[in-house]
Amino acid sequence: MTHDDGGLDGLVRHRLRALRVAQGWSLDELARRANLSQSSLSRIENGQRRLALDQLVTLARALDTSLDQLVESDTEDVVSNATVDAAHGSRRWTIRAEPGMSVVRSRITAPPPGPAKLRAHPGREWFVVLSGTAILLLGDRRLRVEADQAAEFPTMLPHALGSAGGPCDVLGFFDREARRGHRDDQA
């Protein structure tokens with residue numbers, strides 16, 4: 001009797017097999033790592049055995065993935081559109097792979113503000129300079145970040161970003177707390 005209904009069950013079975021094959025492992029190798037028999041694993045992959053939660057957890061660990069990633073739906077849109085914030089000259093794309101993460105592409109035309117305008121808030125921020133040169137004020141440090149360079153820092157450090165003598169295009173990555181802190185700054 002087959003338990004594979006082609007829906008989520010089938011998707012999970014396909015992912016198990018694909019992850020095993022991507023690792024270059026035989027059924028025997030994954031079965032050994034997951035403490036299952038080779039025949040049980042074969043029946044799981046082929047839909048001849050019910051998927052049990054405890055086995056999925058064990059298989060996810062053996063495959064160095066999470067249960068969430070193993071069972072997440074593949075029906076979400078792959079392409080996302082930017083949310084435009086014309087007032088601040090930015091676009092934002094939400095990254096679904098990491099809940100709460102945002103990506104913002106900004107064109108910075110002004111030099112960094114003075115030390116009194118530095119902001120600190122919970123979170124972590126990363127950015128890549130796409131073109132031009134950015135000036136990152138980080139605490140009492142002034143750092144030049146050139147095109148094709150990146151910076152990463154905890155946003156609890158007082159910080160601000162500006163350009164050095166011309167437009168600068170930056171792709172910023174914000175965790176949930178950092179993004180919230182930047183929204184609060186703009187309010």
# chains A, B, ... in the order shown; residues from 1 in each chain; ligands from 1

$ residues_around --residues "Ser26 of chain A" --least-positions-apart "5" --cutoff "10 Å" --atoms "only C-alpha atoms" --output "list in words"
Arg17, Arg20, Val21, Ala31, Arg32 and Gln38 of chain A

$ residues_around --residues "segment 114-125 of chain A" --least-positions-apart "4" --cutoff "7 Å" --atoms "only C-alpha atoms" --output "list of chain:residue names"
A:Glu152, A:Phe153, A:Pro154, A:Thr155, A:Met156, A:Leu157, A:Pro158, A:His159, A:Ala160, A:Phe173, A:Phe174, A:Asp175, A:Glu177, A:Ala178, A:Gly181

$ residues_around --residues "Leu41 of chain A" --least-positions-apart "5" --cutoff "12 Å" --atoms "only C-alpha atoms" --output "number ranges by chain"
A: 13, 16-17, 20, 26-36, 46-52, 55-56, 58-59

$ closest_residue --among "A:Leu11, A:Ala164, A:Ala150, A:Ala86" --to "Ser106 of chain A" --atoms "only C-alpha atoms"
A:Ala86

$ closest_residue --among "A:Leu143, A:Leu63, A:Leu138, A:Leu70" --to "Gly24 of chain A" --atoms "only C-alpha atoms"
A:Leu63

$ closest_residue --among "A:Ser42, A:Thr65, A:Thr109, A:Ser102" --to "Ser163 of chain A" --atoms "only C-alpha atoms"
A:Thr109

$ select_by_dssp --residues "segment 3-50 of chain A" --states "helix (DSSP H, G or I)" --output "count of residues only"
32

$ select_by_dssp --residues "segment 38-156 of chain A" --states "strand (DSSP E)" --output "short mmCIF file (atom, residue, chain, number, x, y, z; two decimals) with N, CA and C atoms, in the first residue's frame"
data_model
loop_
_atom_site.label_atom_id
_atom_site.label_comp_id
_atom_site.auth_asym_id
_atom_site.auth_seq_id
_atom_site.Cartn_x
_atom_site.Cartn_y
_atom_site.Cartn_z
N THR A 83 9.11 46.83 -2.17
CA THR A 83 8.23 47.85 -1.61
C THR A 83 9.04 49.14 -1.68
N VAL A 84 8.51 50.14 -2.35
CA VAL A 84 9.24 51.39 -2.57
C VAL A 84 8.88 52.39 -1.47
N ASP A 85 9.92 52.96 -0.87
CA ASP A 85 9.76 54.03 0.11
C ASP A 85 10.35 55.29 -0.54
N SER A 90 14.39 54.44 -0.92
CA SER A 90 14.82 53.05 -0.78
C SER A 90 13.77 52.09 -1.30
N ARG A 91 14.21 50.90 -1.54
CA ARG A 91 13.34 49.79 -1.92
C ARG A 91 13.64 48.67 -0.93
N ARG A 92 12.60 47.88 -0.58
CA ARG A 92 12.78 46.82 0.40
C ARG A 92 12.21 45.53 -0.15
N TRP A 93 13.02 44.46 -0.03
CA TRP A 93 12.57 43.11 -0.37
C TRP A 93 12.62 42.31 0.92
N THR A 94 11.57 41.60 1.22
CA THR A 94 11.59 40.75 2.40
C THR A 94 12.13 39.38 2.03
N SER A 102 15.13 41.73 6.08
CA SER A 102 14.79 42.60 4.96
C SER A 102 16.04 42.95 4.20
N VAL A 103 15.86 43.22 2.92
CA VAL A 103 16.93 43.70 2.06
C VAL A 103 16.49 45.05 1.53
N VAL A 104 17.37 46.05 1.62
CA VAL A 104 17.04 47.39 1.17
C VAL A 104 18.15 47.88 0.25
N ARG A 105 17.76 48.30 -0.95
CA ARG A 105 18.73 48.94 -1.83
C ARG A 105 18.51 50.43 -1.70
N SER A 106 19.59 51.14 -1.41
CA SER A 106 19.49 52.58 -1.20
C SER A 106 20.53 53.31 -2.04
N ARG A 107 20.16 54.49 -2.50
CA ARG A 107 21.12 55.40 -3.13
C ARG A 107 21.35 56.51 -2.12
N ILE A 108 22.57 56.61 -1.66
CA ILE A 108 22.92 57.61 -0.66
C ILE A 108 23.66 58.74 -1.37
N ARG A 124 21.21 43.53 14.12
CA ARG A 124 22.46 43.35 13.39
C ARG A 124 22.21 43.78 11.95
N GLU A 125 23.21 44.38 11.34
CA GLU A 125 23.08 44.92 9.99
C GLU A 125 24.29 44.53 9.17
N TRP A 126 24.04 44.27 7.88
CA TRP A 126 25.08 43.98 6.91
C TRP A 126 24.80 44.85 5.69
N PHE A 127 25.83 45.30 5.01
CA PHE A 127 25.59 45.98 3.73
C PHE A 127 26.75 45.76 2.79
N VAL A 128 26.43 45.84 1.49
CA VAL A 128 27.41 45.72 0.42
C VAL A 128 27.32 46.99 -0.40
N VAL A 129 28.46 47.59 -0.70
CA VAL A 129 28.47 48.79 -1.54
C VAL A 129 28.51 48.33 -2.99
N LEU A 130 27.47 48.69 -3.75
CA LEU A 130 27.37 48.30 -5.15
C LEU A 130 28.15 49.23 -6.06
N SER A 131 28.11 50.54 -5.75
CA SER A 131 28.87 51.53 -6.53
C SER A 131 29.14 52.73 -5.63
N THR A 133 31.38 55.12 -2.96
CA THR A 133 32.05 54.88 -1.68
C THR A 133 31.15 55.33 -0.56
N ALA A 134 30.96 54.45 0.41
CA ALA A 134 30.15 54.79 1.59
C ALA A 134 31.07 55.13 2.74
N ILE A 135 30.59 56.00 3.60
CA ILE A 135 31.27 56.31 4.86
C ILE A 135 30.39 55.77 5.97
N LEU A 136 30.95 54.85 6.75
CA LEU A 136 30.23 54.28 7.88
C LEU A 136 30.80 54.89 9.16
N LEU A 137 29.93 55.59 9.88
CA LEU A 137 30.30 56.06 11.21
C LEU A 137 29.84 54.99 12.18
N LEU A 138 30.76 54.44 12.94
CA LEU A 138 30.48 53.34 13.85
C LEU A 138 31.14 53.66 15.18
N ARG A 141 34.49 55.59 15.23
CA ARG A 141 35.28 55.22 14.05
C ARG A 141 34.60 55.74 12.78
N ARG A 142 35.42 56.10 11.82
CA ARG A 142 34.95 56.54 10.49
C ARG A 142 35.60 55.61 9.48
N LEU A 143 34.76 54.78 8.82
CA LEU A 143 35.28 53.76 7.91
C LEU A 143 34.84 54.04 6.48
N ARG A 144 35.77 53.92 5.54
CA ARG A 144 35.46 54.01 4.11
C ARG A 144 35.16 52.60 3.62
N VAL A 145 34.01 52.43 2.98
CA VAL A 145 33.64 51.14 2.41
C VAL A 145 33.45 51.36 0.92
N GLU A 146 34.36 50.78 0.14
CA GLU A 146 34.39 50.98 -1.31
C GLU A 146 33.45 50.01 -2.02
N ALA A 150 32.05 44.98 1.84
CA ALA A 150 30.88 44.82 2.70
C ALA A 150 31.26 45.15 4.14
N ALA A 151 30.26 45.42 4.94
CA ALA A 151 30.45 45.67 6.37
C ALA A 151 29.34 44.96 7.13
N GLU A 152 29.65 44.55 8.34
CA GLU A 152 28.70 43.88 9.22
C GLU A 152 28.96 44.40 10.62
N PHE A 153 27.86 44.71 11.34
CA PHE A 153 28.04 45.24 12.69
C PHE A 153 26.76 45.10 13.50
N PRO A 154 26.91 45.05 14.84
CA PRO A 154 25.73 45.07 15.69
C PRO A 154 25.22 46.49 15.76
#

$ atom_distance --atom1 "atom CA of Pro167 of chain A" --atom2 "atom CA of Pro112 of chain A"
12.2 Å
